[in-house]
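Enquirer: Below is model-v7.cif; it holds mmCIF, C-alpha atoms.
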data_final
#
loop_
_atom_site.label_atom_id
_atom_site.label_comp_id
_atom_site.auth_asym_id
_atom_site.auth_seq_id
_atom_site.Cartn_x
_atom_site.Cartn_y
_atom_site.Cartn_z
CA MET A 1 -10.60 -31.88 39.54
CA GLY A 2 -12.90 -34.53 38.03
CA ILE A 3 -11.38 -37.20 35.80
CA TYR A 4 -7.80 -35.94 36.28
CA LYS A 5 -7.99 -36.61 40.03
CA ASP A 6 -9.40 -40.08 39.43
CA ILE A 7 -6.62 -40.88 36.96
CA ILE A 8 -3.74 -39.84 39.21
CA GLU A 9 -5.35 -41.74 42.12
CA LYS A 10 -5.65 -44.77 39.79
CA LYS A 11 -9.42 -44.85 40.18
CA ALA A 12 -9.78 -44.27 36.42
CA THR A 13 -7.88 -45.86 33.57
CA ILE A 14 -6.46 -44.35 30.38
CA ALA A 15 -6.89 -46.36 27.17
CA VAL A 16 -4.67 -45.75 24.14
CA ILE A 17 -6.24 -46.90 20.86
CA GLY A 18 -3.65 -47.76 18.21
CA LEU A 19 -0.19 -48.88 19.34
CA GLY A 20 2.08 -47.84 16.49
CA TYR A 21 4.86 -45.25 16.42
CA VAL A 22 2.61 -42.75 18.18
CA GLY A 23 0.38 -44.78 20.48
CA LEU A 24 2.84 -47.18 22.10
CA PRO A 25 5.28 -44.51 23.43
CA ILE A 26 2.31 -42.55 24.83
CA ALA A 27 0.83 -45.64 26.46
CA LEU A 28 4.10 -46.64 28.09
CA ALA A 29 4.85 -43.10 29.27
CA PHE A 30 1.48 -42.91 31.02
CA ALA A 31 1.86 -46.47 32.35
CA LYS A 32 4.89 -45.35 34.39
CA LYS A 33 2.55 -43.06 36.33
CA VAL A 34 -1.06 -44.28 36.04
CA LYS A 35 -3.19 -47.27 34.94
CA VAL A 36 -3.30 -47.86 31.19
CA ILE A 37 -4.95 -50.18 28.70
CA GLY A 38 -3.07 -50.44 25.40
CA PHE A 39 -5.39 -51.48 22.56
CA ASP A 40 -4.58 -52.50 18.99
CA ILE A 41 -6.75 -54.44 16.52
CA ASN A 42 -3.71 -56.46 15.41
CA ALA A 43 -3.57 -59.45 17.77
CA ALA A 44 -0.08 -60.46 16.59
CA ARG A 45 1.31 -57.01 17.45
CA VAL A 46 -0.39 -57.17 20.85
CA ASP A 47 1.24 -60.54 21.57
CA LEU A 48 4.67 -59.05 20.83
CA MET A 49 4.04 -56.11 23.17
CA LYS A 50 2.97 -58.48 25.93
CA LYS A 51 6.48 -59.91 25.63
CA GLY A 52 8.09 -56.47 25.82
CA ILE A 53 8.77 -56.22 22.09
CA ASP A 54 8.01 -53.09 20.06
CA PRO A 55 6.87 -54.19 16.56
CA SER A 56 8.08 -50.81 15.23
CA ASN A 57 11.60 -51.38 16.64
CA GLU A 58 11.63 -47.94 18.26
CA LEU A 59 11.50 -48.95 21.95
CA THR A 60 13.59 -51.43 23.90
CA LYS A 61 12.53 -54.09 26.38
CA THR A 62 13.47 -51.81 29.29
CA ASP A 63 10.90 -49.25 28.09
CA PHE A 64 8.20 -51.79 28.95
CA GLU A 65 9.43 -52.38 32.49
CA ASN A 66 7.71 -50.97 35.59
CA SER A 67 4.59 -50.15 33.57
CA ASP A 68 1.02 -50.48 34.86
CA ILE A 69 -0.37 -51.51 31.47
CA VAL A 70 -2.58 -54.21 30.01
CA PHE A 71 -2.21 -54.92 26.28
CA THR A 72 -5.28 -56.20 24.46
CA HIS A 73 -7.02 -56.54 21.11
CA LYS A 74 -10.42 -57.21 22.71
CA LEU A 75 -12.99 -54.41 22.66
CA GLU A 76 -14.55 -55.75 25.86
CA ASP A 77 -11.41 -54.80 27.83
CA LEU A 78 -11.81 -51.12 26.89
CA LYS A 79 -15.00 -50.84 28.97
CA LYS A 80 -12.81 -50.42 32.04
CA ALA A 81 -11.33 -47.14 30.72
CA ARG A 82 -12.71 -43.61 31.10
CA PHE A 83 -10.12 -41.53 29.23
CA PHE A 84 -9.51 -42.64 25.64
CA ILE A 85 -6.60 -41.48 23.50
CA VAL A 86 -7.05 -42.29 19.80
CA ALA A 87 -3.74 -42.57 17.94
CA VAL A 88 -4.56 -44.46 14.75
CA PRO A 89 -3.00 -43.72 11.32
CA THR A 90 -4.52 -41.14 8.97
CA PRO A 91 -3.14 -42.13 5.56
CA ILE A 92 -4.02 -41.02 2.04
CA ASP A 93 -5.39 -43.19 -0.77
CA GLU A 94 -4.02 -43.73 -4.28
CA HIS A 95 -5.53 -40.41 -5.35
CA ASN A 96 -3.82 -38.50 -2.51
CA LEU A 97 -7.14 -38.01 -0.75
CA PRO A 98 -7.56 -38.44 3.03
CA ASN A 99 -8.41 -41.98 4.09
CA LEU A 100 -10.40 -41.61 7.31
CA LYS A 101 -11.40 -45.27 7.58
CA PRO A 102 -9.01 -46.06 10.48
CA LEU A 103 -10.11 -42.92 12.35
CA VAL A 104 -13.84 -43.41 11.78
CA GLY A 105 -13.48 -47.11 12.61
CA ALA A 106 -11.71 -46.31 15.88
CA SER A 107 -14.41 -43.74 16.72
CA ALA A 108 -17.16 -46.30 16.10
CA MET A 109 -15.36 -48.81 18.29
CA VAL A 110 -14.91 -46.35 21.16
CA GLY A 111 -18.53 -45.22 20.73
CA LYS A 112 -19.77 -48.74 21.41
CA ILE A 113 -18.28 -48.76 24.91
CA LEU A 114 -18.47 -45.02 25.72
CA LYS A 115 -20.04 -44.14 29.08
CA LYS A 116 -21.35 -40.95 30.65
CA GLY A 117 -18.48 -38.85 31.97
CA ASP A 118 -15.88 -40.38 29.63
CA TYR A 119 -13.26 -38.38 27.69
CA VAL A 120 -12.03 -39.03 24.15
CA VAL A 121 -8.88 -37.26 22.94
CA TYR A 122 -7.69 -37.58 19.35
CA GLU A 123 -3.99 -37.46 18.44
CA SER A 124 -4.20 -38.50 14.77
CA THR A 125 -3.24 -35.79 12.28
CA VAL A 126 -6.33 -34.46 10.50
CA TYR A 127 -7.61 -31.36 8.72
CA PRO A 128 -9.20 -28.61 10.85
CA GLY A 129 -12.78 -29.57 11.66
CA CYS A 130 -12.35 -33.33 11.31
CA THR A 131 -12.73 -34.14 15.02
CA GLU A 132 -16.00 -32.24 15.33
CA GLU A 133 -17.41 -32.93 11.86
CA ASP A 134 -16.36 -36.54 11.26
CA CYS A 135 -15.60 -38.16 14.62
CA ILE A 136 -18.10 -36.77 17.11
CA PRO A 137 -21.20 -37.75 15.06
CA VAL A 138 -19.90 -41.35 14.99
CA LEU A 139 -19.34 -41.35 18.76
CA GLU A 140 -22.85 -40.00 19.35
CA LYS A 141 -24.45 -42.50 16.97
CA GLU A 142 -22.74 -45.55 18.46
CA SER A 143 -23.02 -44.53 22.12
CA LYS A 144 -26.49 -42.93 22.01
CA LEU A 145 -24.95 -40.23 24.22
CA LYS A 146 -24.83 -36.46 23.69
CA PHE A 147 -21.55 -34.66 23.06
CA VAL A 148 -20.53 -32.21 25.87
CA LYS A 149 -23.55 -33.13 28.02
CA ASP A 150 -22.61 -36.81 28.40
CA PHE A 151 -19.00 -37.07 27.23
CA LYS A 152 -16.10 -34.70 26.54
CA ILE A 153 -13.82 -34.42 23.51
CA GLY A 154 -10.33 -33.06 23.02
CA TYR A 155 -7.58 -32.94 20.43
CA SER A 156 -3.86 -33.09 21.21
CA PRO A 157 -1.69 -33.58 18.11
CA GLU A 158 1.08 -36.14 18.24
CA ARG A 159 4.64 -34.89 17.98
CA ILE A 160 6.49 -38.20 17.77
CA ASN A 161 9.60 -38.12 15.58
CA PRO A 162 10.57 -41.71 14.64
CA GLY A 163 14.22 -42.48 15.28
CA ASP A 164 14.70 -39.39 17.48
CA LYS A 165 15.87 -40.39 20.94
CA GLU A 166 16.13 -36.79 22.16
CA HIS A 167 12.73 -35.30 21.31
CA THR A 168 10.56 -37.96 22.92
CA ILE A 169 6.93 -37.74 24.07
CA THR A 170 7.87 -36.61 27.58
CA LYS A 171 10.31 -33.93 26.36
CA ILE A 172 8.15 -32.02 23.85
CA LEU A 173 5.68 -29.28 24.77
CA LYS A 174 2.19 -30.68 24.11
CA ILE A 175 -0.60 -28.79 22.37
CA VAL A 176 -3.95 -29.59 23.97
CA SER A 177 -7.53 -28.52 23.30
CA GLY A 178 -10.97 -29.34 24.61
CA CYS A 179 -14.62 -28.88 23.78
CA ASP A 180 -15.14 -26.55 26.76
CA ALA A 181 -13.20 -24.97 29.62
CA GLU A 182 -13.65 -27.96 31.94
CA SER A 183 -12.43 -30.50 29.39
CA LEU A 184 -9.46 -28.32 28.39
CA ASP A 185 -8.35 -28.07 32.02
CA ASN A 186 -8.68 -31.81 32.64
CA ILE A 187 -7.00 -32.82 29.38
CA ALA A 188 -4.09 -30.43 29.98
CA LYS A 189 -3.56 -31.75 33.50
CA VAL A 190 -3.69 -35.37 32.35
CA TYR A 191 -0.98 -34.80 29.73
CA GLU A 192 1.08 -32.81 32.22
CA ILE A 193 1.40 -36.04 34.21
CA ILE A 194 4.00 -37.18 31.64
CA VAL A 195 5.02 -34.14 29.58
CA GLU A 196 7.84 -32.33 31.41
CA PRO A 197 7.74 -28.99 29.49
CA GLY A 198 3.98 -28.80 30.06
CA THR A 199 1.17 -27.96 27.66
CA HIS A 200 0.05 -25.20 25.34
CA ARG A 201 -3.71 -24.73 25.69
CA ALA A 202 -5.14 -23.98 22.26
CA PRO A 203 -8.34 -21.89 22.22
CA SER A 204 -10.25 -24.48 20.19
CA ILE A 205 -10.04 -27.98 18.76
CA LYS A 206 -9.81 -26.57 15.22
CA VAL A 207 -6.83 -24.39 16.16
CA ALA A 208 -5.01 -27.44 17.58
CA GLU A 209 -5.78 -29.45 14.44
CA ALA A 210 -4.56 -26.60 12.22
CA ALA A 211 -1.38 -26.16 14.26
CA LYS A 212 -0.43 -29.78 13.68
CA ILE A 213 -1.22 -29.83 9.99
CA ILE A 214 0.90 -26.74 9.25
CA GLU A 215 3.94 -28.08 11.15
CA ASN A 216 4.50 -30.67 8.45
CA THR A 217 3.15 -28.54 5.62
CA GLN A 218 5.70 -25.84 6.43
CA ARG A 219 8.55 -28.37 6.32
CA ASP A 220 7.21 -29.87 3.11
CA VAL A 221 7.06 -26.53 1.29
CA ASN A 222 10.54 -25.52 2.46
CA ILE A 223 12.08 -28.85 1.43
CA SER A 224 10.36 -28.59 -1.96
CA LEU A 225 12.08 -25.24 -2.49
CA MET A 226 15.44 -26.87 -1.74
CA ASN A 227 14.63 -29.72 -4.13
CA GLU A 228 13.70 -27.30 -6.90
CA LEU A 229 16.87 -25.31 -6.27
CA SER A 230 18.91 -28.52 -6.50
CA ILE A 231 17.42 -29.20 -9.95
CA ILE A 232 18.29 -25.67 -11.06
CA PHE A 233 21.80 -25.75 -9.59
CA ASN A 234 22.45 -29.14 -11.21
CA LYS A 235 21.82 -27.52 -14.59
CA MET A 236 24.37 -24.86 -13.61
CA ASN A 237 26.86 -27.55 -12.59
CA ILE A 238 27.16 -26.30 -9.00
CA ASN A 239 26.65 -28.34 -5.83
CA THR A 240 23.50 -27.46 -3.87
CA TYR A 241 25.11 -28.29 -0.52
CA ASP A 242 27.99 -25.94 -1.27
CA VAL A 243 25.43 -23.20 -1.99
CA LEU A 244 23.47 -23.92 1.19
CA GLU A 245 26.63 -23.95 3.29
CA ALA A 246 27.54 -20.51 1.98
CA ALA A 247 24.01 -19.09 2.32
CA GLY A 248 23.72 -20.58 5.81
CA THR A 249 26.34 -18.19 7.13
CA LYS A 250 23.60 -15.52 7.28
CA TRP A 251 22.02 -15.47 10.73
CA ASN A 252 18.40 -15.67 9.54
CA PHE A 253 18.79 -18.16 6.69
CA LEU A 254 16.43 -21.13 7.15
CA LYS A 255 18.45 -24.34 7.05
CA PHE A 256 16.47 -26.85 5.02
CA PHE A 257 18.03 -29.41 2.67
CA PRO A 258 16.97 -31.28 -0.47
CA GLY A 259 16.01 -34.94 -0.33
CA LEU A 260 13.32 -37.58 -0.63
CA VAL A 261 10.16 -36.70 1.30
CA GLY A 262 8.29 -39.83 2.28
CA GLY A 263 6.94 -41.39 5.45
CA HIS A 264 3.55 -41.05 7.06
CA CYS A 265 3.76 -37.36 8.08
CA ILE A 266 5.44 -34.75 5.86
CA GLY A 267 4.59 -36.59 2.65
CA VAL A 268 0.97 -37.13 3.69
CA ASP A 269 -0.33 -34.39 5.98
CA PRO A 270 -0.33 -31.51 3.43
CA TYR A 271 -2.86 -33.45 1.34
CA TYR A 272 -5.31 -33.30 4.28
CA LEU A 273 -5.04 -29.51 4.29
CA THR A 274 -5.34 -29.12 0.50
CA HIS A 275 -8.36 -31.46 0.52
CA LYS A 276 -10.11 -29.30 3.12
CA ALA A 277 -9.18 -26.16 1.19
CA GLU A 278 -10.71 -27.63 -2.01
CA SER A 279 -13.94 -28.38 -0.14
CA LEU A 280 -14.07 -24.69 0.78
CA GLY A 281 -13.54 -23.64 -2.83
CA TYR A 282 -9.86 -22.71 -2.60
CA HIS A 283 -7.04 -24.33 -4.58
CA ALA A 284 -3.86 -24.27 -2.47
CA ARG A 285 -1.28 -23.35 -5.10
CA VAL A 286 1.91 -23.16 -3.03
CA ILE A 287 1.22 -26.34 -1.03
CA ASN A 288 0.21 -28.35 -4.11
CA SER A 289 3.24 -27.14 -6.05
CA GLY A 290 5.51 -28.20 -3.19
CA ARG A 291 3.87 -31.61 -3.09
CA TYR A 292 4.39 -32.03 -6.84
CA VAL A 293 8.10 -31.21 -6.59
CA ASN A 294 8.69 -33.52 -3.63
CA ASP A 295 6.67 -36.39 -5.08
CA SER A 296 8.75 -36.16 -8.27
CA MET A 297 12.20 -36.38 -6.68
CA GLY A 298 12.53 -40.16 -6.72
CA PHE A 299 11.95 -40.24 -10.47
CA TYR A 300 14.36 -37.31 -10.95
CA VAL A 301 17.14 -39.10 -9.05
CA ALA A 302 16.65 -42.30 -11.06
CA LYS A 303 16.65 -40.49 -14.41
CA THR A 304 19.78 -38.56 -13.50
CA CYS A 305 21.54 -41.79 -12.53
CA VAL A 306 20.58 -43.41 -15.83
CA LYS A 307 21.77 -40.36 -17.80
CA LYS A 308 25.18 -40.54 -16.10
CA ILE A 309 25.44 -44.29 -16.77
CA ILE A 310 24.72 -43.64 -20.46
CA ALA A 311 27.21 -40.74 -20.48
CA ALA A 312 29.83 -43.21 -19.22
CA GLY A 313 29.33 -45.18 -22.44
CA LYS A 314 27.21 -47.94 -20.95
CA ASN A 315 23.90 -49.50 -22.01
CA SER A 316 21.33 -48.74 -19.31
CA SER A 317 19.33 -51.89 -20.13
CA LYS A 318 22.41 -54.00 -19.33
CA SER A 319 23.47 -52.07 -16.25
CA LYS A 320 23.15 -52.94 -12.56
CA VAL A 321 22.45 -50.36 -9.85
CA LEU A 322 22.62 -50.76 -6.08
CA ILE A 323 20.33 -48.70 -3.84
CA MET A 324 21.54 -48.33 -0.27
CA GLY A 325 18.61 -47.63 2.03
CA ALA A 326 14.90 -48.41 1.61
CA THR A 327 13.23 -46.87 4.67
CA PHE A 328 11.59 -43.45 4.53
CA LYS A 329 14.28 -41.85 6.74
CA GLU A 330 17.55 -42.65 8.46
CA ASP A 331 17.93 -45.14 11.31
CA VAL A 332 14.32 -46.37 11.36
CA SER A 333 12.69 -49.57 10.08
CA ASP A 334 9.56 -47.78 8.80
CA ILE A 335 9.05 -48.22 5.04
CA ARG A 336 5.66 -46.49 4.77
CA ASN A 337 5.49 -44.13 1.78
CA SER A 338 9.22 -44.57 1.10
CA LYS A 339 10.18 -42.66 -2.03
CA VAL A 340 12.96 -45.16 -2.63
CA ALA A 341 10.21 -47.23 -4.26
CA ASP A 342 9.88 -44.49 -6.91
CA ILE A 343 13.60 -44.74 -7.66
CA VAL A 344 13.33 -48.52 -8.07
CA LYS A 345 10.29 -48.23 -10.33
CA GLU A 346 11.89 -45.61 -12.58
CA LEU A 347 15.22 -47.44 -12.86
CA LYS A 348 13.42 -50.64 -13.84
CA SER A 349 11.50 -48.74 -16.54
CA PHE A 350 14.89 -48.18 -18.23
CA GLY A 351 15.69 -51.89 -18.03
CA VAL A 352 18.16 -51.46 -15.18
CA LYS A 353 18.73 -54.40 -12.85
CA VAL A 354 18.16 -53.03 -9.35
CA GLU A 355 19.42 -54.45 -6.05
CA ILE A 356 18.59 -52.99 -2.63
CA VAL A 357 20.29 -53.25 0.76
CA ASP A 358 19.23 -51.76 4.09
CA PRO A 359 20.38 -52.58 7.66
CA HIS A 360 17.02 -51.59 9.17
CA ALA A 361 14.27 -52.54 6.69
CA ASN A 362 12.43 -55.87 6.64
CA SER A 363 12.69 -57.66 3.29
CA ALA A 364 9.29 -59.38 3.58
CA GLU A 365 7.58 -56.07 4.36
CA LEU A 366 9.23 -54.42 1.35
CA LYS A 367 8.15 -57.33 -0.86
CA HIS A 368 4.57 -57.06 0.38
CA GLU A 369 4.38 -53.28 0.09
CA TYR A 370 6.40 -52.56 -3.06
CA GLY A 371 7.08 -55.86 -4.82
CA PHE A 372 10.83 -55.97 -4.16
CA GLY A 373 12.93 -57.34 -1.33
CA LEU A 374 16.46 -56.89 -0.05
CA ASN A 375 19.58 -58.35 -1.64
CA LYS A 376 23.05 -59.28 -0.45
CA LEU A 377 25.76 -56.75 -1.21
CA ALA A 378 27.67 -57.73 -4.33
CA LYS A 379 30.14 -56.07 -6.73
CA GLY A 380 30.28 -54.79 -10.29
CA TYR A 381 27.58 -52.14 -9.96
CA ASP A 382 27.36 -49.54 -12.72
CA GLY A 383 25.78 -47.17 -10.21
CA VAL A 384 25.33 -46.93 -6.45
CA ILE A 385 22.60 -44.69 -5.03
CA VAL A 386 22.94 -43.91 -1.31
CA ALA A 387 19.30 -43.03 -0.75
CA VAL A 388 19.07 -43.02 3.06
CA ASN A 389 21.80 -41.67 5.34
CA HIS A 390 21.73 -44.47 7.91
CA THR A 391 24.42 -44.24 10.58
CA GLU A 392 25.94 -47.46 9.22
CA TYR A 393 26.70 -45.68 5.93
CA LYS A 394 28.35 -42.54 7.32
CA SER A 395 31.78 -44.14 7.83
CA LEU A 396 31.99 -45.59 4.30
CA ASP A 397 34.79 -44.16 2.16
CA GLU A 398 35.87 -43.96 -1.46
CA LYS A 399 37.80 -47.22 -1.16
CA PHE A 400 34.58 -49.04 -0.27
CA PHE A 401 32.61 -47.63 -3.20
CA LYS A 402 35.47 -48.38 -5.63
CA SER A 403 35.43 -51.98 -4.41
CA ILE A 404 31.77 -52.50 -5.36
CA LEU A 405 31.56 -50.29 -8.47
CA ALA A 406 32.38 -51.47 -11.99
CA PRO A 407 34.83 -49.37 -14.04
CA LYS A 408 33.34 -45.93 -14.81
CA GLY A 409 30.73 -46.54 -12.10
CA ILE A 410 28.55 -43.72 -10.74
CA LEU A 411 28.04 -42.75 -7.09
CA VAL A 412 24.77 -40.93 -6.37
CA ASP A 413 24.76 -39.45 -2.87
CA ILE A 414 21.26 -38.05 -2.33
CA LYS A 415 21.93 -36.39 1.02
CA GLY A 416 25.48 -35.24 0.25
CA MET A 417 27.09 -37.39 2.97
CA TYR A 418 30.30 -37.92 1.00
CA ARG A 419 30.64 -34.43 -0.45
CA ASN A 420 34.33 -33.39 -0.78
CA LYS A 421 35.38 -36.95 0.12
CA ILE A 422 35.13 -38.55 -3.33
CA ASN A 423 37.79 -37.83 -5.95
CA GLY A 424 38.34 -40.85 -8.20
CA ILE A 425 34.68 -41.75 -8.88
CA THR A 426 32.00 -39.93 -10.89
CA TYR A 427 29.97 -38.37 -8.08
CA TRP A 428 26.59 -36.61 -7.99
CA SER A 429 24.31 -35.41 -5.21
CA LEU A 430 21.15 -33.33 -5.01
#
Kindly return the structure encoded in the file as structure tokens.

Expert:
Amino acid sequence: MGIYKDIIEKKATIAVIGLGYVGLPIALAFAKKVKVIGFDINAARVDLMKKGIDPSNELTKTDFENSDIVFTHKLEDLKKARFFIVAVPTPIDEHNLPNLKPLVGASAMVGKILKKGDYVVYESTVYPGCTEEDCIPVLEKESKLKFVKDFKIGYSPERINPGDKEHTITKILKIVSGCDAESLDNIAKVYEIIVEPGTHRAPSIKVAEAAKIIENTQRDVNISLMNELSIIFNKMNINTYDVLEAAGTKWNFLKFFPGLVGGHCIGVDPYYLTHKAESLGYHARVINSGRYVNDSMGFYVAKTCVKKIIAAGKNSSKSKVLIMGATFKEDVSDIRNSKVADIVKELKSFGVKVEIVDPHANSAELKHEYGFGLNKLAKGYDGVIVAVNHTEYKSLDEKFFKSILAPKGILVDIKGMYRNKINGITYWSL
């Protein structure tokens, strides 16, 4: 059974490189069963994890208990491992092009301590071919070892859904792939140690990479259709959610909804696929069009809010708008690629005074990332935009919004949480 047998007998150690939303849950899940080294280059984050604190606020202290894991930021400690799982971010740059620096950097680091017989499995979302074309050459260069002959490679795309306590790492079927039959078998068996539904063995690394990239691309394109429909229906003066509720009575209608598409997955991954397509001489029209629509929604929401403030007889440059929610999705603290920042930017371009509240976001992080922090809830707002449907906001009623809105104030409900519940306030949703 090779490396799998050594891992379950605790003769070999698994190392997880990158302890963010993806890496830390994987590391702790394995640590309940086998020996694990959790590695992150951020020493401050490592210190928190040593104390049983998840810097991403996804896991609790009890999730760290009864775990055979050593947290470290020292490369030297990784020499003890034989099975490496790379789970570093794969962001895009300011031009929406793939930024492979974290992935290539992690590959170079692993390459420096790679030994004969070791395994390296990538979980980071990439375009098809990236593992073999961009990562393996770095591993070979740094280790002076030969791929397949001296070390094995696999790809198993992450399926972590931040904020989701039901679909966790151990509950979701895992796609696995390897560079040959032996590696595929070992990698599948290693993941089956923690993944209860088991694994799907993809026929190649490229197939596994492609499967991951289209999961989020499919969602992105479908949401963009809903967003475009909401723009059209707004011009017709009909509510999009009313339309979707009616259409959803058909058994095969796909239930997607309009909204802001941010975060580090759906709003990013399609650009990896379109970049690869461009390199092959193909311009991905549908995917790029969907990206354009979704990337424009924050500005559309802000402009609509300003138009309604002006229609109420107010001067937009003297108005004050409250935005409720700053994270990229509900009930998480993650602010990466939050499209709420687009709403803030556009409102300010009209001279609007903008205040932001959020029960989950960190004000200092927002200030560092976007140039604005959180405020205390006040009153006299000319507009309130409920941008993120946090659980804390779901019980709010018309009385609450009336108490913080100025006369003729506007309520913008992006996700339609308060649809059919607001009567005495000017109300608008996507």

Enquirer: Excluding same-chain residues fewer than 2 positions from A:Pro162, what lies within 8 Å of it counting all atoms listed in the file, as number ranges by chain?

Expert: A: 21, 58, 160, 164, 332

Enquirer: Would you pick out the contacts of stretch 201-209 of chain A at 12 Å or less, using all atoms listed in the file, so that residues sharing its chain but fewer than 3 positions from it are not included, and give the list as JSON, numbers by chain?

Expert: {"A": [121, 122, 123, 124, 125, 126, 127, 128, 129, 130, 131, 132, 133, 152, 153, 154, 155, 156, 157, 158, 173, 174, 175, 176, 177, 178, 179, 180, 181, 183, 184, 185, 186, 187, 188, 189, 191, 192, 198, 212, 213, 214, 215, 216, 269, 272, 273]}

Enquirer: As a check of understanding, name the residues that the PyMOL selection byres ((chain A and resi 318) around 9) selects in the supplied structure, as a CSV table (one decimal) with C-alpha atoms, in the coordinates of the input.

Expert:
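Contents of result.csv, freshly written:
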chain,number,residue,atom,x,y,z
A,314,LYS,CA,27.2,-47.9,-21.0
A,315,ASN,CA,23.9,-49.5,-22.0
A,316,SER,CA,21.3,-48.7,-19.3
A,317,SER,CA,19.3,-51.9,-20.1
A,319,SER,CA,23.5,-52.1,-16.2
A,320,LYS,CA,23.2,-52.9,-12.6
A,351,GLY,CA,15.7,-51.9,-18.0
A,352,VAL,CA,18.2,-51.5,-15.2
A,353,LYS,CA,18.7,-54.4,-12.8

Enquirer: Can you work out the spacing between atom CA of A:Asn234 and atom CA of A:Asn96 in Å, to one decimal?

Expert: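 Distance reported for this atom pair: 29.2 Å.
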
Enquirer: Of the candidates A:Asn42, A:Gly20, A:Asn337, A:Asn420, which one gets nearest to A:Asp242 if we count all atoms listed in the file?

Expert: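 Looking only at the distances to A:Asp242, the closest residue turns out to be A:Asn420.
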
Enquirer: Pick out the residues sitting within 8 Å of stretch 290-307 of chain A, and hand them over as a list of chain:residue names; count only C-alpha atoms, and ignore anything fewer than 5 positions along from it in its own chain.

Expert: A:Asp220, A:Val221, A:Ile223, A:Ser224, A:Leu225, A:Asn227, A:Glu228, A:Gly259, A:Leu260, A:Val261, A:Gly267, A:Pro270, A:Ser316, A:Lys339, A:Val340, A:Ala341, A:Asp342, A:Ile343, A:Val344, A:Glu346, A:Leu347, A:Phe350, A:Gly383, A:Ile410, A:Val412, A:Ile414

Enquirer: Between A:Lys394, A:Lys80, A:His264, A:Lys144, which is the closest to A:Asp334 once you count all atoms listed in the file?

Expert: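 Counting all atoms listed in the file, the residue closest to A:Asp334 is A:His264.
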
Enquirer: If the PyMOL selection byres ((chain A and resi 69) around 7) is run on the structure shown, which residues does it catch, given as a PyMOL selection string?

Expert: chain A and resi 31+35-38+67-68+70-71

Enquirer: How many Å separate atom CA of A:Ala210 from atom CA of A:Phe256?

Expert: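 For atom CA of A:Ala210 relative to atom CA of A:Phe256, the distance reads 22.2 Å.
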
Enquirer: Which residue out of A:Ala43, A:Met417, A:Ile287, A:Ile323 has the minimum interatomic distance to A:Thr274 when all atoms listed in the file are used?

Expert: A:Ile287
